[in-house]
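Engineer: Shown below is the structure under consideration.
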Amino acid sequence: METKVYQVITPERDAAIEKAAAVLRQGGLVVFPTETVYGLGGDATNPQAAKDIYAAKGRPSDNPLIIHVAAPEDAEPYAVTSDAYYRLARHFMPGPLTVILPKKDTIPLSVTGGLETVAVRCPAHPVARALIRAAGVPVAAPSANRSGRPSPTCAAHAAEDLTGRVDIILDGGDCEVGLESTIVKLDGNKGVLLRPGAVTPDDLKAVLPELSIAPAVTAALAEGERVLSPGMKYRHYAPTAPLILLEGEESAVRAFLVEKASEQGVGILCFNEEVNLMPKGAILFPVGARADLTAQAHRLFGALREADAHPTIKKLYAHLPPKEGLGLALYNRAIRAAAHTILHIDRT
Ligand code: TXA
Ligand code: MG
């Protein structure tokens, strides 16, 4: 399959959006930007499109897809909505939040991995919104990476993974957030946070006081443990070189990193302010200032892709993110990438 790439600058009047929308309606696949990460989209009402998405991604077909709509109320034909859904929508949609609701028959089981629930998201990115509106169908889209790779935060990442596997890639520049959406499963007025993202637990609790956090967000799953979200059971992404996360007092961790940085084959995801402390020749992937979690979220997946592409790295070190605020989303992605390997550094 030939993959066409189009730069989209003014979504509302763009011919590429019209072309991509027609491709979606005909059952084809389109990569498009969202404010979180790039998505690999197909018509969510077309079972064959869902099958093709799984094939293009190399993803197990029991891991359900999120359906993307242009406005919260556009979910009505596809999901059983509720007061709690519209309360969340008023505060966080369009935006980086996905809500899981009971599904209606209009959404094939091949989209939901056989589940009777469906994940609904209304993205804020102008290209995503224009595309969904022009297509006139809900767009099922997982992140536009090959299964087992970090989610793509720019069109080049998606092209790396999916060229020859999709019809069109719409290039809308860098994703603002850089981590996938927050996922909440609703049961009446109760919500369970399944995946942390840019909408934080505190943001959610202000609107949905009865919010709990699924244990798998911060902990390893025990063998055979049942999960609420099929995506939780897959080792999402693991770098080619093992990643080790460091926790402990700031200066002790820093001293440890400076020492490791001079070893052969070691790569370090460091804070910007640490770059000048490192020995000459160290292989560094700065991820942002220590205090700037927004920058770190924006940068994490790109840094992991660069580390993967580096020819000599045998071991990667990174700071363990804090669990507060946006840090929880970083923490959740980091422990997965590290297969839960955390090293505690004591003061020496
Ligand atoms: O930011 C995002 O959410 C991006 C952009 C493209 O919108 N999409 C994304 O999709 O991250 P994906 O497929 O990579 O991750 C979706 C997650 C998976 O872990 C899946 O298991 C979970 O959502 N999920 C989807 N439908 C579900 C359902 N009905 N019940 C529980 N979990 C569900
Ligand atoms: Mg994904």
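Residues in the structure tokens are named by chain (A, B, ... in the order shown) and by number from 1 within that chain; ligands are numbered from 1 in the order shown.
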A:Ala295: which residues within 12 Å, counting only C-alpha atoms, same-chain residues fewer than 2 positions away excluded, as JSON, numbers by chain?
Structural biologist: {"A": [175, 176, 177, 178, 179, 198, 271, 272, 286, 287, 288, 289, 290, 291, 292, 293, 297, 298, 299, 300, 301, 302, 303, 326, 327, 330]}
Engineer: Atoms to include: N, CA, C and O atoms. Write the selected residues as a short mmCIF file (atom, residue, chain, number, x, y, z; two decimals), in the first residue's frame.
Structural biologist:
data_model
loop_
_atom_site.label_atom_id
_atom_site.label_comp_id
_atom_site.auth_asym_id
_atom_site.auth_seq_id
_atom_site.Cartn_x
_atom_site.Cartn_y
_atom_site.Cartn_z
N CYS A 175 2.51 16.89 18.91
CA CYS A 175 1.38 16.82 19.83
C CYS A 175 1.69 17.64 21.07
O CYS A 175 2.80 17.55 21.61
N GLU A 176 0.70 18.37 21.54
CA GLU A 176 0.92 19.27 22.66
C GLU A 176 1.21 18.51 23.95
O GLU A 176 2.18 18.80 24.65
N VAL A 177 0.41 17.49 24.27
CA VAL A 177 0.56 16.80 25.57
C VAL A 177 1.69 15.78 25.52
O VAL A 177 2.58 15.76 26.36
N GLY A 178 1.67 14.87 24.56
CA GLY A 178 2.74 13.90 24.43
C GLY A 178 2.50 12.57 25.14
O GLY A 178 3.27 11.63 24.96
N LEU A 179 1.48 12.49 25.98
CA LEU A 179 1.08 11.22 26.61
C LEU A 179 -0.38 10.96 26.26
O LEU A 179 -1.15 11.90 26.07
N ALA A 198 -3.20 13.80 31.05
CA ALA A 198 -3.10 15.23 31.35
C ALA A 198 -4.27 15.75 32.19
O ALA A 198 -4.15 16.75 32.88
N PHE A 271 17.43 15.43 33.43
CA PHE A 271 16.80 16.75 33.43
C PHE A 271 17.74 17.73 32.72
O PHE A 271 18.97 17.57 32.75
N ASN A 272 17.17 18.79 32.15
CA ASN A 272 17.97 19.78 31.42
C ASN A 272 19.10 20.34 32.28
O ASN A 272 20.22 20.52 31.81
N PRO A 286 18.01 14.71 27.19
CA PRO A 286 17.35 15.64 28.13
C PRO A 286 15.84 15.60 27.92
O PRO A 286 15.36 15.57 26.79
N VAL A 287 15.09 15.55 29.04
CA VAL A 287 13.63 15.43 28.94
C VAL A 287 12.90 16.67 29.43
O VAL A 287 11.66 16.67 29.46
N GLY A 288 13.64 17.73 29.80
CA GLY A 288 12.97 18.93 30.33
C GLY A 288 13.53 19.25 31.70
O GLY A 288 14.30 18.47 32.26
N ALA A 289 13.12 20.40 32.22
CA ALA A 289 13.57 20.79 33.56
C ALA A 289 12.90 19.90 34.60
O ALA A 289 11.79 19.42 34.38
N ARG A 290 13.59 19.70 35.74
CA ARG A 290 13.06 18.83 36.79
C ARG A 290 11.65 19.22 37.21
O ARG A 290 10.78 18.36 37.39
N ALA A 291 11.42 20.51 37.35
CA ALA A 291 10.13 20.99 37.85
C ALA A 291 9.06 21.06 36.76
O ALA A 291 7.89 21.30 37.05
N ASP A 292 9.45 20.85 35.51
CA ASP A 292 8.53 21.06 34.39
C ASP A 292 7.96 19.73 33.87
O ASP A 292 8.41 19.17 32.87
N LEU A 293 6.94 19.23 34.57
CA LEU A 293 6.36 17.94 34.20
C LEU A 293 5.68 18.00 32.83
O LEU A 293 5.65 17.01 32.10
N ALA A 297 6.40 15.38 29.88
CA ALA A 297 5.34 14.59 29.22
C ALA A 297 5.45 14.75 27.71
O ALA A 297 5.33 13.79 26.94
N HIS A 298 5.69 15.96 27.28
CA HIS A 298 5.80 16.29 25.86
C HIS A 298 6.96 15.53 25.21
O HIS A 298 6.92 15.18 24.04
N ARG A 299 7.99 15.26 25.99
CA ARG A 299 9.26 14.80 25.45
C ARG A 299 9.52 13.30 25.65
O ARG A 299 10.32 12.70 24.94
N LEU A 300 8.86 12.66 26.65
CA LEU A 300 9.25 11.31 27.06
C LEU A 300 9.29 10.30 25.91
O LEU A 300 10.31 9.62 25.69
N PHE A 301 8.21 10.18 25.15
CA PHE A 301 8.17 9.14 24.11
C PHE A 301 9.20 9.40 23.00
O PHE A 301 9.79 8.45 22.47
N GLY A 302 9.41 10.67 22.68
CA GLY A 302 10.42 11.01 21.66
C GLY A 302 11.81 10.61 22.14
O GLY A 302 12.61 10.04 21.39
N ALA A 303 12.09 10.88 23.42
CA ALA A 303 13.40 10.53 23.98
C ALA A 303 13.59 9.01 23.96
O ALA A 303 14.68 8.51 23.63
N LEU A 326 0.29 15.68 37.06
CA LEU A 326 0.67 15.10 35.77
C LEU A 326 1.77 14.04 35.94
O LEU A 326 1.94 13.16 35.11
N GLY A 327 2.50 14.12 37.07
CA GLY A 327 3.55 13.15 37.36
C GLY A 327 3.02 11.72 37.34
O GLY A 327 3.71 10.80 36.90
N LEU A 330 3.24 10.29 33.93
CA LEU A 330 4.64 9.99 33.59
C LEU A 330 5.10 8.73 34.33
O LEU A 330 5.77 7.87 33.76
#
Engineer: Report as a PyMOL selection string all protein, DNA and RNA residues lying within 6 Å of stretch 102-105 of chain A, evaluated on only C-alpha atoms, omitting residues in the same chain fewer than 5 positions from it.
Structural biologist: chain A and resi 78-80+116-118
Engineer: Take the residues from that selection and put them in a file with N, CA, C and O atoms, as a CSV table (one decimal), in the first residue's frame.
Structural biologist:
chain,number,residue,atom,x,y,z
A,78,TYR,N,-24.0,5.8,19.8
A,78,TYR,CA,-23.0,4.7,19.9
A,78,TYR,C,-22.8,4.2,21.4
A,78,TYR,O,-22.4,3.1,21.6
A,79,ALA,N,-23.1,5.1,22.4
A,79,ALA,CA,-22.9,4.8,23.8
A,79,ALA,C,-24.1,5.2,24.6
A,79,ALA,O,-24.8,6.1,24.2
A,80,VAL,N,-24.3,4.5,25.7
A,80,VAL,CA,-25.3,4.9,26.7
A,80,VAL,C,-24.7,5.9,27.6
A,80,VAL,O,-23.9,5.6,28.5
A,116,GLU,N,-18.8,-5.2,26.2
A,116,GLU,CA,-20.1,-4.5,26.0
A,116,GLU,C,-20.0,-3.0,26.4
A,116,GLU,O,-21.0,-2.3,26.5
A,117,THR,N,-18.8,-2.5,26.5
A,117,THR,CA,-18.5,-1.1,26.8
A,117,THR,C,-17.7,-0.5,25.6
A,117,THR,O,-17.1,-1.3,24.9
A,118,VAL,N,-17.8,0.8,25.5
A,118,VAL,CA,-17.0,1.5,24.5
A,118,VAL,C,-16.4,2.7,25.1
A,118,VAL,O,-16.9,3.4,25.9
Engineer: All residues within 7 Å of ligand 1 are required, counting only C-alpha atoms and all ligand atoms; please report them as a PyMOL selection string.
Structural biologist: chain A and resi 34+36-40+63-66+96+98+100+112+115+117-119+121+123+141-144+179-181+183+228-232
Engineer: Can you tell me, as an MDAnalysis selection string, which residues in stretch 77-226 of chain A count as helix (DSSP H, G or I) by DSSP?
Structural biologist: chainID A and resid 83:92 126:135 155:162 201:207 215:217
Engineer: Quick one: everything within 12 Å of stretch 5-22 of chain A, counting only C-alpha atoms, minus sequence neighbours fewer than 6 positions away in the same chain. Send it as a PDB file with N, CA, C and O atoms, in the first residue's frame.
Structural biologist:
ATOM      1  N   GLY A  28     -10.897   2.915   4.589  1.00  0.00           N
ATOM      2  CA  GLY A  28      -9.439   3.009   4.647  1.00  0.00           C
ATOM      3  C   GLY A  28      -8.934   3.492   5.999  1.00  0.00           C
ATOM      4  O   GLY A  28      -9.712   3.760   6.918  1.00  0.00           O
ATOM      5  N   LEU A  29      -7.606   3.599   6.108  1.00  0.00           N
ATOM      6  CA  LEU A  29      -6.967   3.986   7.374  1.00  0.00           C
ATOM      7  C   LEU A  29      -6.222   5.317   7.230  1.00  0.00           C
ATOM      8  O   LEU A  29      -5.490   5.525   6.265  1.00  0.00           O
ATOM      9  N   VAL A  30      -6.407   6.186   8.223  1.00  0.00           N
ATOM     10  CA  VAL A  30      -5.792   7.515   8.206  1.00  0.00           C
ATOM     11  C   VAL A  30      -5.115   7.787   9.544  1.00  0.00           C
ATOM     12  O   VAL A  30      -5.745   7.658  10.598  1.00  0.00           O
ATOM     13  N   VAL A  31      -3.843   8.156   9.512  1.00  0.00           N
ATOM     14  CA  VAL A  31      -3.149   8.605  10.717  1.00  0.00           C
ATOM     15  C   VAL A  31      -3.400  10.101  10.874  1.00  0.00           C
ATOM     16  O   VAL A  31      -3.262  10.857   9.912  1.00  0.00           O
ATOM     17  N   PHE A  32      -3.788  10.513  12.079  1.00  0.00           N
ATOM     18  CA  PHE A  32      -4.106  11.938  12.300  1.00  0.00           C
ATOM     19  C   PHE A  32      -3.575  12.397  13.663  1.00  0.00           C
ATOM     20  O   PHE A  32      -3.441  11.602  14.593  1.00  0.00           O
ATOM     21  N   PRO A  33      -3.283  13.715  13.755  1.00  0.00           N
ATOM     22  CA  PRO A  33      -2.772  14.239  15.028  1.00  0.00           C
ATOM     23  C   PRO A  33      -3.902  14.471  16.027  1.00  0.00           C
ATOM     24  O   PRO A  33      -5.016  14.820  15.640  1.00  0.00           O
ATOM     25  N   GLY A  41      -6.573   5.918  12.553  1.00  0.00           N
ATOM     26  CA  GLY A  41      -8.027   5.941  12.507  1.00  0.00           C
ATOM     27  C   GLY A  41      -8.663   5.109  11.408  1.00  0.00           C
ATOM     28  O   GLY A  41      -8.108   4.944  10.317  1.00  0.00           O
ATOM     29  N   GLY A  42      -9.855   4.589  11.738  1.00  0.00           N
ATOM     30  CA  GLY A  42     -10.710   3.906  10.781  1.00  0.00           C
ATOM     31  C   GLY A  42     -12.158   4.154  11.186  1.00  0.00           C
ATOM     32  O   GLY A  42     -12.412   4.590  12.320  1.00  0.00           O
ATOM     33  N   ASP A  43     -13.103   3.871  10.301  1.00  0.00           N
ATOM     34  CA  ASP A  43     -14.533   4.040  10.586  1.00  0.00           C
ATOM     35  C   ASP A  43     -14.951   3.077  11.700  1.00  0.00           C
ATOM     36  O   ASP A  43     -14.909   1.852  11.519  1.00  0.00           O
ATOM     37  N   HIS A 125      -7.670  18.637  19.183  1.00  0.00           N
ATOM     38  CA  HIS A 125      -6.818  19.086  18.069  1.00  0.00           C
ATOM     39  C   HIS A 125      -7.684  19.482  16.863  1.00  0.00           C
ATOM     40  O   HIS A 125      -8.559  18.713  16.449  1.00  0.00           O
ATOM     41  N   PRO A 126      -7.443  20.671  16.295  1.00  0.00           N
ATOM     42  CA  PRO A 126      -8.298  21.138  15.190  1.00  0.00           C
ATOM     43  C   PRO A 126      -8.295  20.196  13.980  1.00  0.00           C
ATOM     44  O   PRO A 126      -9.336  20.058  13.315  1.00  0.00           O
ATOM     45  N   VAL A 127      -7.186  19.539  13.697  1.00  0.00           N
ATOM     46  CA  VAL A 127      -7.142  18.610  12.553  1.00  0.00           C
ATOM     47  C   VAL A 127      -8.008  17.379  12.853  1.00  0.00           C
ATOM     48  O   VAL A 127      -8.790  16.926  12.010  1.00  0.00           O
ATOM     49  N   ALA A 128      -7.902  16.855  14.064  1.00  0.00           N
ATOM     50  CA  ALA A 128      -8.715  15.692  14.449  1.00  0.00           C
ATOM     51  C   ALA A 128     -10.196  16.042  14.355  1.00  0.00           C
ATOM     52  O   ALA A 128     -11.002  15.285  13.801  1.00  0.00           O
ATOM     53  N   ARG A 129     -10.563  17.200  14.878  1.00  0.00           N
ATOM     54  CA  ARG A 129     -11.977  17.594  14.887  1.00  0.00           C
ATOM     55  C   ARG A 129     -12.500  17.787  13.470  1.00  0.00           C
ATOM     56  O   ARG A 129     -13.596  17.335  13.137  1.00  0.00           O
ATOM     57  N   ALA A 130     -11.714  18.461  12.625  1.00  0.00           N
ATOM     58  CA  ALA A 130     -12.144  18.691  11.245  1.00  0.00           C
ATOM     59  C   ALA A 130     -12.286  17.364  10.501  1.00  0.00           C
ATOM     60  O   ALA A 130     -13.233  17.155   9.737  1.00  0.00           O
ATOM     61  N   LEU A 131     -11.363  16.453  10.747  1.00  0.00           N
ATOM     62  CA  LEU A 131     -11.406  15.147  10.078  1.00  0.00           C
ATOM     63  C   LEU A 131     -12.647  14.356  10.483  1.00  0.00           C
ATOM     64  O   LEU A 131     -13.358  13.805   9.640  1.00  0.00           O
ATOM     65  N   ILE A 132     -12.920  14.292  11.781  1.00  0.00           N
ATOM     66  CA  ILE A 132     -14.069  13.512  12.272  1.00  0.00           C
ATOM     67  C   ILE A 132     -15.365  14.117  11.733  1.00  0.00           C
ATOM     68  O   ILE A 132     -16.256  13.404  11.258  1.00  0.00           O
ATOM     69  N   ARG A 133     -15.447  15.444  11.770  1.00  0.00           N
ATOM     70  CA  ARG A 133     -16.644  16.129  11.269  1.00  0.00           C
ATOM     71  C   ARG A 133     -16.844  15.847   9.777  1.00  0.00           C
ATOM     72  O   ARG A 133     -17.936  15.514   9.332  1.00  0.00           O
ATOM     73  N   ALA A 134     -15.761  15.955   9.010  1.00  0.00           N
ATOM     74  CA  ALA A 134     -15.862  15.750   7.555  1.00  0.00           C
ATOM     75  C   ALA A 134     -16.200  14.293   7.235  1.00  0.00           C
ATOM     76  O   ALA A 134     -16.913  14.013   6.270  1.00  0.00           O
ATOM     77  N   ALA A 135     -15.682  13.353   8.044  1.00  0.00           N
ATOM     78  CA  ALA A 135     -15.938  11.930   7.787  1.00  0.00           C
ATOM     79  C   ALA A 135     -17.403  11.593   8.053  1.00  0.00           C
ATOM     80  O   ALA A 135     -17.989  10.742   7.381  1.00  0.00           O
ATOM     81  N   GLY A 136     -17.996  12.244   9.055  1.00  0.00           N
ATOM     82  CA  GLY A 136     -19.395  11.977   9.385  1.00  0.00           C
ATOM     83  C   GLY A 136     -19.609  10.637  10.061  1.00  0.00           C
ATOM     84  O   GLY A 136     -20.740  10.176  10.205  1.00  0.00           O
ATOM     85  N   VAL A 137     -18.522   9.993  10.474  1.00  0.00           N
ATOM     86  CA  VAL A 137     -18.615   8.731  11.228  1.00  0.00           C
ATOM     87  C   VAL A 137     -17.691   8.853  12.437  1.00  0.00           C
ATOM     88  O   VAL A 137     -16.750   9.640  12.411  1.00  0.00           O
ATOM     89  N   PRO A 138     -17.992   8.096  13.520  1.00  0.00           N
ATOM     90  CA  PRO A 138     -17.034   8.082  14.629  1.00  0.00           C
ATOM     91  C   PRO A 138     -15.753   7.394  14.159  1.00  0.00           C
ATOM     92  O   PRO A 138     -15.814   6.468  13.343  1.00  0.00           O
ATOM     93  N   VAL A 139     -14.616   7.861  14.659  1.00  0.00           N
ATOM     94  CA  VAL A 139     -13.334   7.333  14.185  1.00  0.00           C
ATOM     95  C   VAL A 139     -12.685   6.499  15.287  1.00  0.00           C
ATOM     96  O   VAL A 139     -12.338   7.020  16.356  1.00  0.00           O
ATOM     97  N   CYS A 154       4.781  12.879  16.961  1.00  0.00           N
ATOM     98  CA  CYS A 154       4.870  13.725  15.768  1.00  0.00           C
ATOM     99  C   CYS A 154       4.643  12.809  14.565  1.00  0.00           C
ATOM    100  O   CYS A 154       4.681  11.582  14.695  1.00  0.00           O
ATOM    101  N   ALA A 155       4.401  13.411  13.403  1.00  0.00           N
ATOM    102  CA  ALA A 155       4.065  12.611  12.218  1.00  0.00           C
ATOM    103  C   ALA A 155       5.223  11.698  11.810  1.00  0.00           C
ATOM    104  O   ALA A 155       5.003  10.585  11.309  1.00  0.00           O
ATOM    105  N   ALA A 156       6.460  12.154  12.030  1.00  0.00           N
ATOM    106  CA  ALA A 156       7.618  11.338  11.641  1.00  0.00           C
ATOM    107  C   ALA A 156       7.645  10.014  12.415  1.00  0.00           C
ATOM    108  O   ALA A 156       7.988   8.968  11.856  1.00  0.00           O
ATOM    109  N   ALA A 158       5.011   8.367  13.542  1.00  0.00           N
ATOM    110  CA  ALA A 158       3.962   7.511  12.973  1.00  0.00           C
ATOM    111  C   ALA A 158       4.424   6.955  11.630  1.00  0.00           C
ATOM    112  O   ALA A 158       4.197   5.776  11.319  1.00  0.00           O
ATOM    113  N   ALA A 159       5.101   7.798  10.828  1.00  0.00           N
ATOM    114  CA  ALA A 159       5.581   7.357   9.510  1.00  0.00           C
ATOM    115  C   ALA A 159       6.622   6.248   9.665  1.00  0.00           C
ATOM    116  O   ALA A 159       6.626   5.273   8.908  1.00  0.00           O
ATOM    117  N   LEU A 162       4.403   3.135  10.457  1.00  0.00           N
ATOM    118  CA  LEU A 162       3.206   2.729   9.694  1.00  0.00           C
ATOM    119  C   LEU A 162       3.249   3.020   8.200  1.00  0.00           C
ATOM    120  O   LEU A 162       2.263   2.769   7.497  1.00  0.00           O
ATOM    121  N   THR A 163       4.364   3.521   7.682  1.00  0.00           N
ATOM    122  CA  THR A 163       4.446   3.749   6.238  1.00  0.00           C
ATOM    123  C   THR A 163       4.237   2.425   5.507  1.00  0.00           C
ATOM    124  O   THR A 163       4.831   1.407   5.875  1.00  0.00           O
ATOM    125  N   GLY A 164       3.375   2.441   4.496  1.00  0.00           N
ATOM    126  CA  GLY A 164       3.058   1.217   3.755  1.00  0.00           C
ATOM    127  C   GLY A 164       1.922   0.433   4.373  1.00  0.00           C
ATOM    128  O   GLY A 164       1.461  -0.560   3.815  1.00  0.00           O
ATOM    129  N   VAL A 166      -0.855   2.238   6.008  1.00  0.00           N
ATOM    130  CA  VAL A 166      -2.052   3.098   6.077  1.00  0.00           C
ATOM    131  C   VAL A 166      -2.159   3.872   4.761  1.00  0.00           C
ATOM    132  O   VAL A 166      -1.180   3.986   4.023  1.00  0.00           O
ATOM    133  N   ASP A 167      -3.357   4.414   4.479  1.00  0.00           N
ATOM    134  CA  ASP A 167      -3.547   5.150   3.235  1.00  0.00           C
ATOM    135  C   ASP A 167      -2.977   6.563   3.311  1.00  0.00           C
ATOM    136  O   ASP A 167      -2.332   7.036   2.386  1.00  0.00           O
ATOM    137  N   ILE A 168      -3.241   7.234   4.427  1.00  0.00           N
ATOM    138  CA  ILE A 168      -2.862   8.647   4.539  1.00  0.00           C
ATOM    139  C   ILE A 168      -2.299   8.935   5.921  1.00  0.00           C
ATOM    140  O   ILE A 168      -2.779   8.392   6.922  1.00  0.00           O
ATOM    141  N   ILE A 169      -1.272   9.779   5.960  1.00  0.00           N
ATOM    142  CA  ILE A 169      -0.808  10.355   7.232  1.00  0.00           C
ATOM    143  C   ILE A 169      -1.019  11.860   7.153  1.00  0.00           C
ATOM    144  O   ILE A 169      -0.503  12.519   6.241  1.00  0.00           O
ATOM    145  N   LEU A 170      -1.814  12.409   8.071  1.00  0.00           N
ATOM    146  CA  LEU A 170      -1.997  13.862   8.144  1.00  0.00           C
ATOM    147  C   LEU A 170      -0.984  14.402   9.143  1.00  0.00           C
ATOM    148  O   LEU A 170      -0.986  14.013  10.315  1.00  0.00           O
ATOM    149  N   ASP A 171      -0.101  15.260   8.679  1.00  0.00           N
ATOM    150  CA  ASP A 171       0.937  15.825   9.546  1.00  0.00           C
ATOM    151  C   ASP A 171       0.458  17.156  10.092  1.00  0.00           C
ATOM    152  O   ASP A 171       0.358  18.130   9.351  1.00  0.00           O
ATOM    153  N   GLY A 172       0.150  17.180  11.376  1.00  0.00           N
ATOM    154  CA  GLY A 172      -0.312  18.419  12.019  1.00  0.00           C
ATOM    155  C   GLY A 172       0.692  18.911  13.047  1.00  0.00           C
ATOM    156  O   GLY A 172       0.327  19.623  13.982  1.00  0.00           O
ATOM    157  N   GLY A 173       1.960  18.512  12.891  1.00  0.00           N
ATOM    158  CA  GLY A 173       3.001  18.993  13.809  1.00  0.00           C
ATOM    159  C   GLY A 173       3.077  18.177  15.090  1.00  0.00           C
ATOM    160  O   GLY A 173       2.505  17.088  15.191  1.00  0.00           O
ATOM    161  N   ASP A 174       3.795  18.709  16.077  1.00  0.00           N
ATOM    162  CA  ASP A 174       4.000  18.026  17.358  1.00  0.00           C
ATOM    163  C   ASP A 174       2.732  18.006  18.198  1.00  0.00           C
ATOM    164  O   ASP A 174       1.993  18.980  18.224  1.00  0.00           O
TER     165      ASP A 174
END
Engineer: Please identify all polymer residues within 7 Å of A:Val217, counting only C-alpha atoms, omitting same-chain residues fewer than 3 positions from it, and present them as a list of chain:residue names.
Structural biologist: A:Leu194, A:Arg195, A:Ala214, A:Asn332
Engineer: Which residue is closest to ligand 2? Choose from A:Pro60, A:Pro215, A:Gly265, A:Pro322 and count only C-alpha atoms and all ligand atoms.
Structural biologist: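 Selected residue with least distance to ligand 2: A:Pro60.
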Engineer: Tell me which of A:Pro152, A:Pro311, A:Gly325, A:Gly95 sits closest to ligand 2, counting only C-alpha atoms and all ligand atoms.
Structural biologist: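 Smallest separation from ligand 2 among the options: A:Pro152.
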Engineer: Atom CA of A:Arg336 to atom CA of A:Ala206: how many Å, to one decimal?
Structural biologist: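 Answer for the atom CA of A:Arg336 to atom CA of A:Ala206 separation: 28.0 Å.
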Engineer: So that I can check the surroundings of A:Ala241, please list as a list in words every protein, DNA and RNA residue that reaches within 12 Å of it, counting only C-alpha atoms and ignoring chain neighbours fewer than 5 positions away.
Structural biologist: Gly265, Val266, Gly267, Ile268, Leu304, Arg305, Glu306, Ala307, Asp308, Ala309, His310, Pro311, Thr312, Ile313, Lys314, Lys315, Leu316, Tyr317, Ala337, Ala338 and Ala339 of chain A
Engineer: Would you kindly return, as an MDAnalysis selection string, each protein, DNA or RNA residue with an atom no farther than 6 Å from any atom of A:Val184, considering only C-alpha atoms and excluding same-chain residues fewer than 4 positions away?
Structural biologist: chainID A and resid 99 192:194
Engineer: Identify, with DSSP run on backbone atoms, the residues in stretch 119-326 of chain A assigned to strand (DSSP E), and express the list as a VMD selection string.
Structural biologist: chain A and resid 119 to 121 139 to 140 168 to 171 182 to 187 190 to 195 211 to 213 243 to 248 266 to 269 283 to 284 315 to 319
Engineer: State, in Å with one decimal place, the distance from atom CA of A:Ile283 to atom CA of A:Leu245.
Structural biologist: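 Between atom CA of A:Ile283 and atom CA of A:Leu245 the gap is 16.5 Å.
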